[in-house]
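Containing compact mmCIF, C-alpha atoms and all ligand atoms: model_8.txt.
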```
# COMPACT_ATOMS: atom_id res chain seq x y z
CA MET A 10 15.60 -6.44 21.06
CA GLN A 11 12.82 -4.21 19.79
CA GLN A 12 10.43 -2.90 22.40
CA ASN A 13 6.77 -3.05 21.48
CA LEU A 14 4.59 -0.22 22.78
CA GLU A 15 2.26 -0.94 25.66
CA ILE A 16 -1.06 0.16 24.16
CA THR A 17 -3.66 -1.95 25.93
CA ASP A 18 -5.60 1.04 27.37
CA ALA A 19 -4.84 3.55 24.64
CA PRO A 20 -7.62 4.51 22.19
CA LYS A 21 -7.33 2.76 18.84
CA ILE A 22 -6.68 5.00 15.87
CA VAL A 23 -6.40 4.76 12.09
CA VAL A 24 -2.96 5.41 10.60
CA ALA A 25 -2.92 6.30 6.87
CA ILE A 26 0.45 6.14 5.10
CA ASP A 27 0.52 7.34 1.49
CA GLY A 28 3.33 7.85 -0.96
CA PHE A 29 4.94 6.95 -4.27
CA SER A 30 5.77 3.39 -5.38
CA SER A 31 8.79 1.93 -3.59
CA SER A 32 9.14 4.91 -1.27
CA GLY A 33 9.55 2.53 1.66
CA LYS A 34 6.06 3.22 3.02
CA SER A 35 5.03 -0.45 3.21
CA THR A 36 8.07 -1.37 5.32
CA MET A 37 7.28 1.49 7.69
CA ALA A 38 3.57 0.68 7.83
CA ARG A 39 4.14 -3.03 8.41
CA GLU A 40 6.66 -2.43 11.16
CA LEU A 41 4.53 0.19 12.90
CA ALA A 42 1.54 -2.19 12.91
CA LYS A 43 3.67 -4.95 14.37
CA ARG A 44 5.19 -2.73 17.07
CA VAL A 45 1.83 -1.37 18.26
CA GLY A 46 -0.26 -4.52 17.75
CA TYR A 47 -2.40 -3.12 14.92
CA ILE A 48 -3.69 -4.75 11.73
CA TYR A 49 -1.65 -3.89 8.63
CA ILE A 50 -3.32 -3.60 5.22
CA ASP A 51 -1.33 -3.17 2.02
CA SER A 52 -3.95 -1.52 -0.23
CA GLY A 53 -1.66 -1.73 -3.27
CA ALA A 54 -1.78 -5.53 -2.95
CA MET A 55 -5.53 -5.34 -3.48
CA TYR A 56 -5.16 -3.49 -6.81
CA ARG A 57 -2.42 -5.95 -7.73
CA ALA A 58 -4.78 -8.87 -7.02
CA VAL A 59 -7.36 -7.38 -9.40
CA ALA A 60 -4.65 -6.90 -12.05
CA LEU A 61 -3.59 -10.54 -11.63
CA TYR A 62 -7.22 -11.62 -12.00
CA ALA A 63 -7.52 -9.60 -15.22
CA LEU A 64 -4.26 -11.05 -16.58
CA ARG A 65 -5.27 -14.61 -15.78
CA HIS A 66 -8.61 -14.15 -17.53
CA ASP A 67 -7.16 -12.46 -20.61
CA MET A 68 -8.84 -9.15 -19.86
CA PHE A 69 -6.12 -6.94 -21.36
CA LYS A 70 -6.64 -6.14 -25.02
CA GLU A 71 -3.86 -6.15 -27.61
CA ASP A 72 -3.51 -2.37 -27.38
CA ASN A 73 -2.83 -2.85 -23.62
CA THR A 74 -6.14 -1.37 -22.49
CA VAL A 75 -8.44 -3.20 -20.10
CA ASP A 76 -11.43 -5.10 -21.47
CA LEU A 77 -13.95 -3.39 -19.19
CA GLU A 78 -16.90 -5.33 -20.51
CA ALA A 79 -15.23 -8.54 -19.40
CA LEU A 80 -13.81 -7.28 -16.08
CA LEU A 81 -16.51 -5.07 -14.55
CA PRO A 82 -19.21 -7.73 -14.00
CA HIS A 83 -16.71 -9.69 -11.85
CA ILE A 84 -15.64 -6.83 -9.59
CA PRO A 85 -18.46 -7.12 -7.02
CA GLU A 86 -17.82 -10.83 -6.54
CA LEU A 87 -14.02 -10.72 -6.19
CA SER A 88 -12.87 -11.67 -2.73
CA ILE A 89 -9.61 -10.13 -1.54
CA SER A 90 -8.37 -10.87 1.94
CA PHE A 91 -5.18 -11.17 3.95
CA GLN A 92 -3.79 -14.01 6.02
CA LYS A 93 -0.78 -14.18 8.29
CA LYS A 94 1.54 -17.02 7.40
CA ALA A 95 2.69 -19.21 10.27
CA GLY A 96 6.47 -19.50 10.62
CA GLU A 97 7.25 -16.37 8.61
CA ASP A 98 7.34 -13.91 11.48
CA GLY A 99 3.71 -13.03 10.86
CA VAL A 100 4.26 -11.94 7.24
CA GLN A 101 0.89 -11.23 5.66
CA HIS A 102 -0.10 -12.87 2.39
CA THR A 103 -2.75 -11.64 -0.04
CA LEU A 104 -5.55 -14.03 -0.97
CA LEU A 105 -7.58 -13.73 -4.17
CA ASN A 106 -10.81 -15.72 -3.98
CA GLY A 107 -9.31 -17.65 -1.08
CA VAL A 108 -6.04 -18.58 -2.85
CA ASP A 109 -2.62 -17.26 -1.79
CA VAL A 110 -1.31 -15.04 -4.63
CA GLU A 111 1.34 -13.13 -2.67
CA ASP A 112 4.22 -14.11 -5.00
CA GLU A 113 2.30 -13.72 -8.25
CA ILE A 114 1.05 -10.19 -7.48
CA ARG A 115 4.67 -8.99 -7.15
CA ASP A 116 5.61 -10.17 -10.68
CA LEU A 117 6.74 -7.51 -13.15
CA GLU A 118 3.87 -8.40 -15.46
CA VAL A 119 1.44 -7.38 -12.72
CA SER A 120 3.51 -4.28 -11.83
CA ASN A 121 3.43 -3.19 -15.45
CA ARG A 122 -0.37 -3.40 -15.68
CA VAL A 123 -1.61 -2.51 -12.21
CA SER A 124 -1.86 1.25 -12.75
CA LEU A 125 -4.26 0.63 -15.64
CA ILE A 126 -6.47 -1.34 -13.26
CA ALA A 127 -6.14 1.20 -10.44
CA GLU A 128 -7.48 4.01 -12.60
CA ILE A 129 -10.83 2.30 -13.27
CA PRO A 130 -13.45 4.11 -11.12
CA GLN A 131 -15.56 0.97 -10.47
CA VAL A 132 -12.47 -0.93 -9.29
CA ARG A 133 -11.49 1.95 -6.98
CA GLN A 134 -14.98 2.20 -5.58
CA ARG A 135 -15.03 -1.50 -4.66
CA MET A 136 -11.51 -1.47 -3.20
CA VAL A 137 -12.30 1.62 -1.10
CA GLU A 138 -15.44 -0.11 0.27
CA LEU A 139 -13.40 -3.17 1.24
CA GLN A 140 -10.66 -1.00 2.77
CA GLN A 141 -13.16 0.98 4.83
CA GLU A 142 -14.65 -2.30 6.03
CA PHE A 143 -11.16 -3.44 7.20
CA GLY A 144 -10.80 -0.17 9.15
CA LYS A 145 -14.20 -0.17 10.85
CA GLN A 146 -12.85 -1.24 14.23
CA LYS A 147 -9.83 1.12 13.93
CA GLY A 148 -6.50 -0.24 15.21
CA ILE A 149 -5.26 -0.35 11.62
CA VAL A 150 -2.28 0.88 9.62
CA MET A 151 -3.02 1.07 5.89
CA ASP A 152 -0.64 2.18 3.18
CA GLY A 153 -1.40 3.25 -0.38
CA ARG A 154 -2.00 6.34 -2.49
CA ASP A 155 -5.40 7.67 -1.41
CA ILE A 156 -5.72 6.41 2.14
CA GLY A 157 -5.49 9.81 3.83
CA THR A 158 -7.48 11.60 1.11
CA THR A 159 -10.28 9.18 0.16
CA VAL A 160 -10.35 5.95 2.17
CA PHE A 161 -9.91 7.43 5.66
CA PRO A 162 -10.17 11.23 5.35
CA ASN A 163 -10.70 11.31 9.14
CA ALA A 164 -7.67 9.16 10.01
CA GLU A 165 -6.13 10.38 13.25
CA LEU A 166 -2.59 10.10 11.88
CA LYS A 167 -1.66 10.68 8.23
CA ILE A 168 1.82 10.35 6.82
CA PHE A 169 2.97 11.17 3.28
CA VAL A 170 6.25 9.53 2.30
CA SER A 171 8.34 11.06 -0.46
CA ALA A 172 11.61 9.87 -1.99
CA GLY A 173 13.43 10.58 -5.25
CA LEU A 174 12.70 8.47 -8.33
CA HIS A 175 16.27 7.12 -8.66
CA GLU A 176 16.50 6.10 -5.02
CA ARG A 177 13.13 4.36 -5.24
CA ALA A 178 14.17 2.56 -8.44
CA ARG A 179 17.41 1.41 -6.76
CA ARG A 180 15.41 0.07 -3.79
CA ARG A 181 12.98 -1.78 -6.05
CA TRP A 182 15.74 -3.17 -8.31
CA ARG A 183 17.59 -4.49 -5.23
CA GLU A 184 14.42 -6.17 -3.94
CA LEU A 185 13.69 -7.84 -7.28
CA THR A 186 17.25 -9.01 -7.96
CA GLN A 187 17.53 -10.33 -4.40
CA LYS A 188 14.46 -12.43 -5.18
CA GLY A 189 16.41 -13.87 -8.12
CA MET A 190 14.74 -11.85 -10.87
CA ASP A 191 16.92 -11.05 -13.89
CA ILE A 192 16.02 -7.45 -14.62
CA ARG A 193 17.86 -4.33 -15.73
CA PHE A 194 17.87 -1.22 -13.53
CA GLU A 195 16.66 0.90 -16.48
CA GLU A 196 13.58 -1.29 -16.85
CA VAL A 197 12.65 -0.84 -13.19
CA LEU A 198 13.27 2.91 -13.46
CA ALA A 199 11.03 3.20 -16.53
CA ASN A 200 8.27 1.16 -14.87
CA LEU A 201 8.32 3.36 -11.76
CA ALA A 202 8.33 6.59 -13.79
CA GLU A 203 5.35 5.39 -15.80
CA ARG A 204 3.46 4.35 -12.67
CA ASP A 205 4.19 7.71 -11.00
CA LYS A 206 2.72 9.44 -14.03
CA ILE A 207 -0.47 7.37 -14.08
CA ASP A 208 -0.88 7.45 -10.26
CA THR A 209 -0.56 11.24 -10.03
CA THR A 210 -2.60 12.19 -13.10
CA ARG A 211 -5.55 9.77 -13.02
CA LYS A 212 -9.01 11.31 -12.68
CA VAL A 213 -10.20 9.41 -9.60
CA SER A 214 -8.23 9.79 -6.34
CA PRO A 215 -4.84 10.69 -7.81
CA LEU A 216 -1.85 10.34 -5.51
CA LYS A 217 -1.50 13.55 -3.56
CA LYS A 218 -0.66 14.63 -0.05
CA ALA A 219 -3.69 15.23 2.19
CA PRO A 220 -3.52 18.78 3.58
CA ASP A 221 -3.26 17.43 7.14
CA ALA A 222 -0.68 14.70 6.36
CA ILE A 223 2.80 14.95 7.84
CA GLU A 224 5.50 14.59 5.21
CA LEU A 225 8.58 12.38 5.54
CA ASP A 226 11.45 12.65 3.06
CA ASN A 227 12.62 9.07 3.07
CA ASP A 228 15.89 9.78 1.22
CA ALA A 229 17.18 11.75 4.14
CA VAL A 230 16.77 9.28 7.01
CA THR A 231 17.82 5.79 8.06
CA HIS A 232 15.25 3.10 8.72
CA GLU A 233 15.87 3.36 12.49
CA GLU A 234 15.39 7.13 12.46
CA GLN A 235 12.23 6.72 10.43
CA MET A 236 10.74 4.22 12.88
CA GLU A 237 11.69 6.27 15.91
CA TRP A 238 10.02 9.32 14.35
CA LEU A 239 6.89 7.37 13.42
CA LEU A 240 6.51 5.66 16.80
CA LYS A 241 6.87 9.01 18.56
CA LEU A 242 4.17 10.55 16.36
CA PHE A 243 1.94 7.56 16.98
CA GLN A 244 2.38 7.84 20.73
CA GLU A 245 1.78 11.60 20.74
CA THR A 246 -1.38 11.18 18.65
CA THR A 247 -2.90 8.50 20.88
CA GLU A 248 -1.93 10.44 24.03
CA ASN A 249 -3.57 13.62 22.71
CA ILE A 250 -6.77 11.73 21.91
CA GLU A 251 -6.76 10.13 25.35
CA ASN A 252 -6.28 13.52 27.03
CA GLU A 253 -9.03 15.10 24.95
CA SER A 254 -11.47 12.31 25.82
CA ARG A 255 -10.70 12.81 29.53
CA GLY A 256 -11.60 16.47 29.07
O1 LIG A 301 2.00 0.19 -3.69
P1 LIG A 301 2.00 -0.70 -4.93
O2 LIG A 301 3.11 -0.42 -5.88
O3 LIG A 301 1.91 -2.15 -4.57
O4 LIG A 301 0.64 -0.31 -5.68
C1 LIG A 301 0.26 -0.96 -6.85
C2 LIG A 301 -0.56 -0.02 -7.74
O5 LIG A 301 -1.81 0.26 -7.15
C3 LIG A 301 0.11 1.32 -8.06
O6 LIG A 301 0.07 1.52 -9.45
C4 LIG A 301 -0.78 2.34 -7.40
C5 LIG A 301 -2.07 1.64 -7.13
N1 LIG A 301 -2.64 1.98 -5.84
C6 LIG A 301 -3.66 2.90 -5.83
O7 LIG A 301 -4.02 3.43 -6.86
N2 LIG A 301 -4.26 3.21 -4.66
C7 LIG A 301 -3.86 2.65 -3.51
N3 LIG A 301 -4.47 2.97 -2.37
C8 LIG A 301 -2.80 1.73 -3.50
C9 LIG A 301 -2.20 1.42 -4.70
```

Could you render the structure as C-alpha cells?
Amino acid sequence: MQQNLEITDAPKIVVAIDGFSSSGKSTMARELAKRVGYIYIDSGAMYRAVALYALRHDMFKEDNTVDLEALLPHIPELSISFQKKAGEDGVQHTLLNGVDVEDEIRDLEVSNRVSLIAEIPQVRQRMVELQQEFGKQKGIVMDGRDIGTTVFPNAELKIFVSAGLHERARRRWRELTQKGMDIRFEEVLANLAERDKIDTTRKVSPLKKAPDAIELDNDAVTHEEQMEWLLKLFQETTENIENESRG
C-alpha cells in the first residue's frame, strides 16, 4: 500500500508543475497532492471550460477565430470551480457555472480549440487571478504551462516536465481510445503538434521553463521512479524551509 507523507507540522508550500500537453504532468501533480494532503488544481481544465463555454455559445467564427466581442463581456462572470466526486477515489471534476463539465472539456472538439482561447490576454488574466486565489492558503499543487513563470513565480517547488512529441501522442491516443473514442493516432499527433506550437509561441505567458524549475525528462523514467523523485524533492523542500524558519 502507498504510504502518505506525515506533513501535519510541516510548512505548507506551493508546488508548480509545468510542461507540454500529455507529458504526464497532471498524473504526477494529482498523485503528489493526494500523497501529501494538498489541493490539486488542473489549470488546463480551466482554459478548457472557457473553450467549452465559447463552443456552446457559438463564439467561434467560420474562419476558426474567436468572436471576442461575444466572449469577452462574459469572462468576468464565468465561474470555474472544482469538486471532488464521492465514490471515485476523490477524483476532481471541473464545474462551469456550477455544472459538472469534466467529460465535455476532454472532448476532441474542445482540445482542438482550447489553445485559441488560452492565447487571449483577457482570458489569461482572469484565469491567473482565479488560480492565485486558489493558492492563497498554499498547500496546493497546480499544473499547467505558466504556473512557475506567471501564476506563482515565488512557488517553493517548481518542476518542468518534458517528453518527446511521439511518446506524448501515444499516451494521449491510448487514453482517448481507452475511453472508447474512435480516433486515429495521426490525428492526435497533429493536434498535439499544433497545440505545442501555439502554446510555445503565443505572446502572453508562452510555455517555457522557469529559470529555477527542476526539469524531469518523462520519457526516461517509470511512473514509480517519477513519484519517488518528486516526493523526495517535496520532502527536501519543506524540510529546508522548516530549518530556515527555525534559524
Ligand atoms: O493541459 P491541457 O492540455 O488540459 O491544457 C489545455 C490548454 O490550455 C492547452 O492548449 C494549453 C492551455 N493552458 C495554458 O495556456 N496555460 C495553463 N496554465 C494551462 C493550460

Pick from A:Ile168, A:Ala199, A:Val123, A:Leu185, whichever lies nearest to Ile223 (chain A) using only C-alpha atoms |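 The shortest atom-to-atom distance to Ile223 (chain A) comes from A:Ile168.
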
Set the cut-off to 9 Å, count all atoms listed in the file, and list whatever residues fall near ligand LIG 301 (chain A) as a PDB file with C-alpha atoms, keeping the file's coordinate frame.
```pdb
ATOM      1  CA  ASP A  27       0.520   7.340   1.490  1.00  0.00           C
ATOM      2  CA  GLY A  28       3.330   7.850  -0.960  1.00  0.00           C
ATOM      3  CA  PHE A  29       4.940   6.950  -4.270  1.00  0.00           C
ATOM      4  CA  SER A  30       5.770   3.390  -5.380  1.00  0.00           C
ATOM      5  CA  SER A  31       8.790   1.930  -3.590  1.00  0.00           C
ATOM      6  CA  SER A  32       9.140   4.910  -1.270  1.00  0.00           C
ATOM      7  CA  LYS A  34       6.060   3.220   3.020  1.00  0.00           C
ATOM      8  CA  SER A  35       5.030  -0.450   3.210  1.00  0.00           C
ATOM      9  CA  ASP A  51      -1.330  -3.170   2.020  1.00  0.00           C
ATOM     10  CA  SER A  52      -3.950  -1.520  -0.230  1.00  0.00           C
ATOM     11  CA  GLY A  53      -1.660  -1.730  -3.270  1.00  0.00           C
ATOM     12  CA  ALA A  54      -1.780  -5.530  -2.950  1.00  0.00           C
ATOM     13  CA  MET A  55      -5.530  -5.340  -3.480  1.00  0.00           C
ATOM     14  CA  TYR A  56      -5.160  -3.490  -6.810  1.00  0.00           C
ATOM     15  CA  ARG A  57      -2.420  -5.950  -7.730  1.00  0.00           C
ATOM     16  CA  ILE A 114       1.050 -10.190  -7.480  1.00  0.00           C
ATOM     17  CA  ARG A 115       4.670  -8.990  -7.150  1.00  0.00           C
ATOM     18  CA  VAL A 119       1.440  -7.380 -12.720  1.00  0.00           C
ATOM     19  CA  SER A 120       3.510  -4.280 -11.830  1.00  0.00           C
ATOM     20  CA  ASN A 121       3.430  -3.190 -15.450  1.00  0.00           C
ATOM     21  CA  ARG A 122      -0.370  -3.400 -15.680  1.00  0.00           C
ATOM     22  CA  VAL A 123      -1.610  -2.510 -12.210  1.00  0.00           C
ATOM     23  CA  SER A 124      -1.860   1.250 -12.750  1.00  0.00           C
ATOM     24  CA  LEU A 125      -4.260   0.630 -15.640  1.00  0.00           C
ATOM     25  CA  ILE A 126      -6.470  -1.340 -13.260  1.00  0.00           C
ATOM     26  CA  ALA A 127      -6.140   1.200 -10.440  1.00  0.00           C
ATOM     27  CA  GLU A 128      -7.480   4.010 -12.600  1.00  0.00           C
ATOM     28  CA  ARG A 133     -11.490   1.950  -6.980  1.00  0.00           C
ATOM     29  CA  MET A 136     -11.510  -1.470  -3.200  1.00  0.00           C
ATOM     30  CA  VAL A 137     -12.300   1.620  -1.100  1.00  0.00           C
ATOM     31  CA  GLN A 140     -10.660  -1.000   2.770  1.00  0.00           C
ATOM     32  CA  MET A 151      -3.020   1.070   5.890  1.00  0.00           C
ATOM     33  CA  ASP A 152      -0.640   2.180   3.180  1.00  0.00           C
ATOM     34  CA  GLY A 153      -1.400   3.250  -0.380  1.00  0.00           C
ATOM     35  CA  ARG A 154      -2.000   6.340  -2.490  1.00  0.00           C
ATOM     36  CA  ASP A 155      -5.400   7.670  -1.410  1.00  0.00           C
ATOM     37  CA  ILE A 156      -5.720   6.410   2.140  1.00  0.00           C
ATOM     38  CA  THR A 159     -10.280   9.180   0.160  1.00  0.00           C
ATOM     39  CA  VAL A 160     -10.350   5.950   2.170  1.00  0.00           C
ATOM     40  CA  LEU A 201       8.320   3.360 -11.760  1.00  0.00           C
ATOM     41  CA  ARG A 204       3.460   4.350 -12.670  1.00  0.00           C
ATOM     42  CA  ASP A 205       4.190   7.710 -11.000  1.00  0.00           C
ATOM     43  CA  ILE A 207      -0.470   7.370 -14.080  1.00  0.00           C
ATOM     44  CA  ASP A 208      -0.880   7.450 -10.260  1.00  0.00           C
ATOM     45  CA  ARG A 211      -5.550   9.770 -13.020  1.00  0.00           C
ATOM     46  CA  SER A 214      -8.230   9.790  -6.340  1.00  0.00           C
ATOM     47  CA  PRO A 215      -4.840  10.690  -7.810  1.00  0.00           C
ATOM     48  CA  LEU A 216      -1.850  10.340  -5.510  1.00  0.00           C
TER      49      LEU A 216
END
```

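Nearest-residue note for Ala172 (chain A): choosing from A:Leu225, A:Ala42, A:Val197, A:Val59, the minimum distance belongs to A:Leu225, counting only C-alpha atoms.
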
Kindly provide, as AutoDock Vina command-line options, the centre and edge lengths (Å, one decimal) of an axis-aligned box around all atoms of region 124-139 of chain A given in the file, with 6 Å on each side.
```
--center_x -8.7 --center_y 0.5 --center_z -7.2 --size_x 25.7 --size_y 19.3 --size_z 28.9
```

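Comparing the minimum interatomic distances between Lys188 (chain A) and each of A:Pro162, A:Asp116, A:Asp226, A:Gln141, counting only C-alpha atoms, we find that A:Asp116 sits nearest.
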
Among the residues A:Asn73, A:Lys21, A:Lys145, A:Ala95, the one that comes closest to Ile250 (chain A) [using only C-alpha atoms] = A:Lys21

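In this comparison, which uses all atoms listed in the file, the residue of A:Glu195, A:Glu142, A:Glu111, A:Glu224 approaching Lys167 (chain A) most closely is A:Glu224.
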
For Leu64 (chain A), which residue out of A:Ile48, A:Thr231, A:Leu87, A:Glu118 is the nearest one, using only C-alpha atoms?
->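 Checking each candidate against Leu64 (chain A), we get A:Glu118 as the closest.
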
For CA of Ala19 (chain A) and CA of Thr247 (chain A), quote the distance in Å rounded to one decimal.
->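 Separation between CA of Ala19 (chain A) and CA of Thr247 (chain A): 6.5 Å.
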
Separating CA of Tyr49 (chain A) from CA of Ile22 (chain A), to the nearest tenth of an Å, is a gap of 12.5 Å

Ser88 (chain A): which residues within 10 Å, counting only C-alpha atoms, same-chain residues fewer than 4 positions away excluded, as a short mmCIF file (atom, residue, chain, number, x, y, z; two decimals) with C-alpha atoms, keeping the file's coordinate frame?
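This went into around.cif:
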```cif
data_model
loop_
_atom_site.label_atom_id
_atom_site.label_comp_id
_atom_site.auth_asym_id
_atom_site.auth_seq_id
_atom_site.Cartn_x
_atom_site.Cartn_y
_atom_site.Cartn_z
CA MET A 55 -5.53 -5.34 -3.48
CA ALA A 58 -4.78 -8.87 -7.02
CA VAL A 59 -7.36 -7.38 -9.40
CA ILE A 84 -15.64 -6.83 -9.59
CA LEU A 104 -5.55 -14.03 -0.97
CA LEU A 105 -7.58 -13.73 -4.17
CA ASN A 106 -10.81 -15.72 -3.98
CA GLY A 107 -9.31 -17.65 -1.08
CA VAL A 108 -6.04 -18.58 -2.85
CA LEU A 139 -13.40 -3.17 1.24
#
```

Distance of CA of Ile50 (chain A) from CA of Glu113 (chain A), expressed in Å to one decimal place |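 CA of Ile50 (chain A) lies 17.8 Å from CA of Glu113 (chain A).
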
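Close contacts of region 77-82 of chain A, defined as residues with an atom at most 7 Å away when counting all atoms listed in the file, with chain neighbours fewer than 2 positions off set aside, comprise Ala63, Met68, Val75 and Ile84 of chain A.
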
Got a sec to check which residues sit within 6 Å of (-2.5, 6.8, 8.3), counting all atoms listed in the file, and write them as a list in words?
->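 Applying the cut-off with all atoms listed in the file, one gets Val23, Val24, Ala25, Ile26, Ala164, Leu166, Lys167 and Ile168 of chain A.
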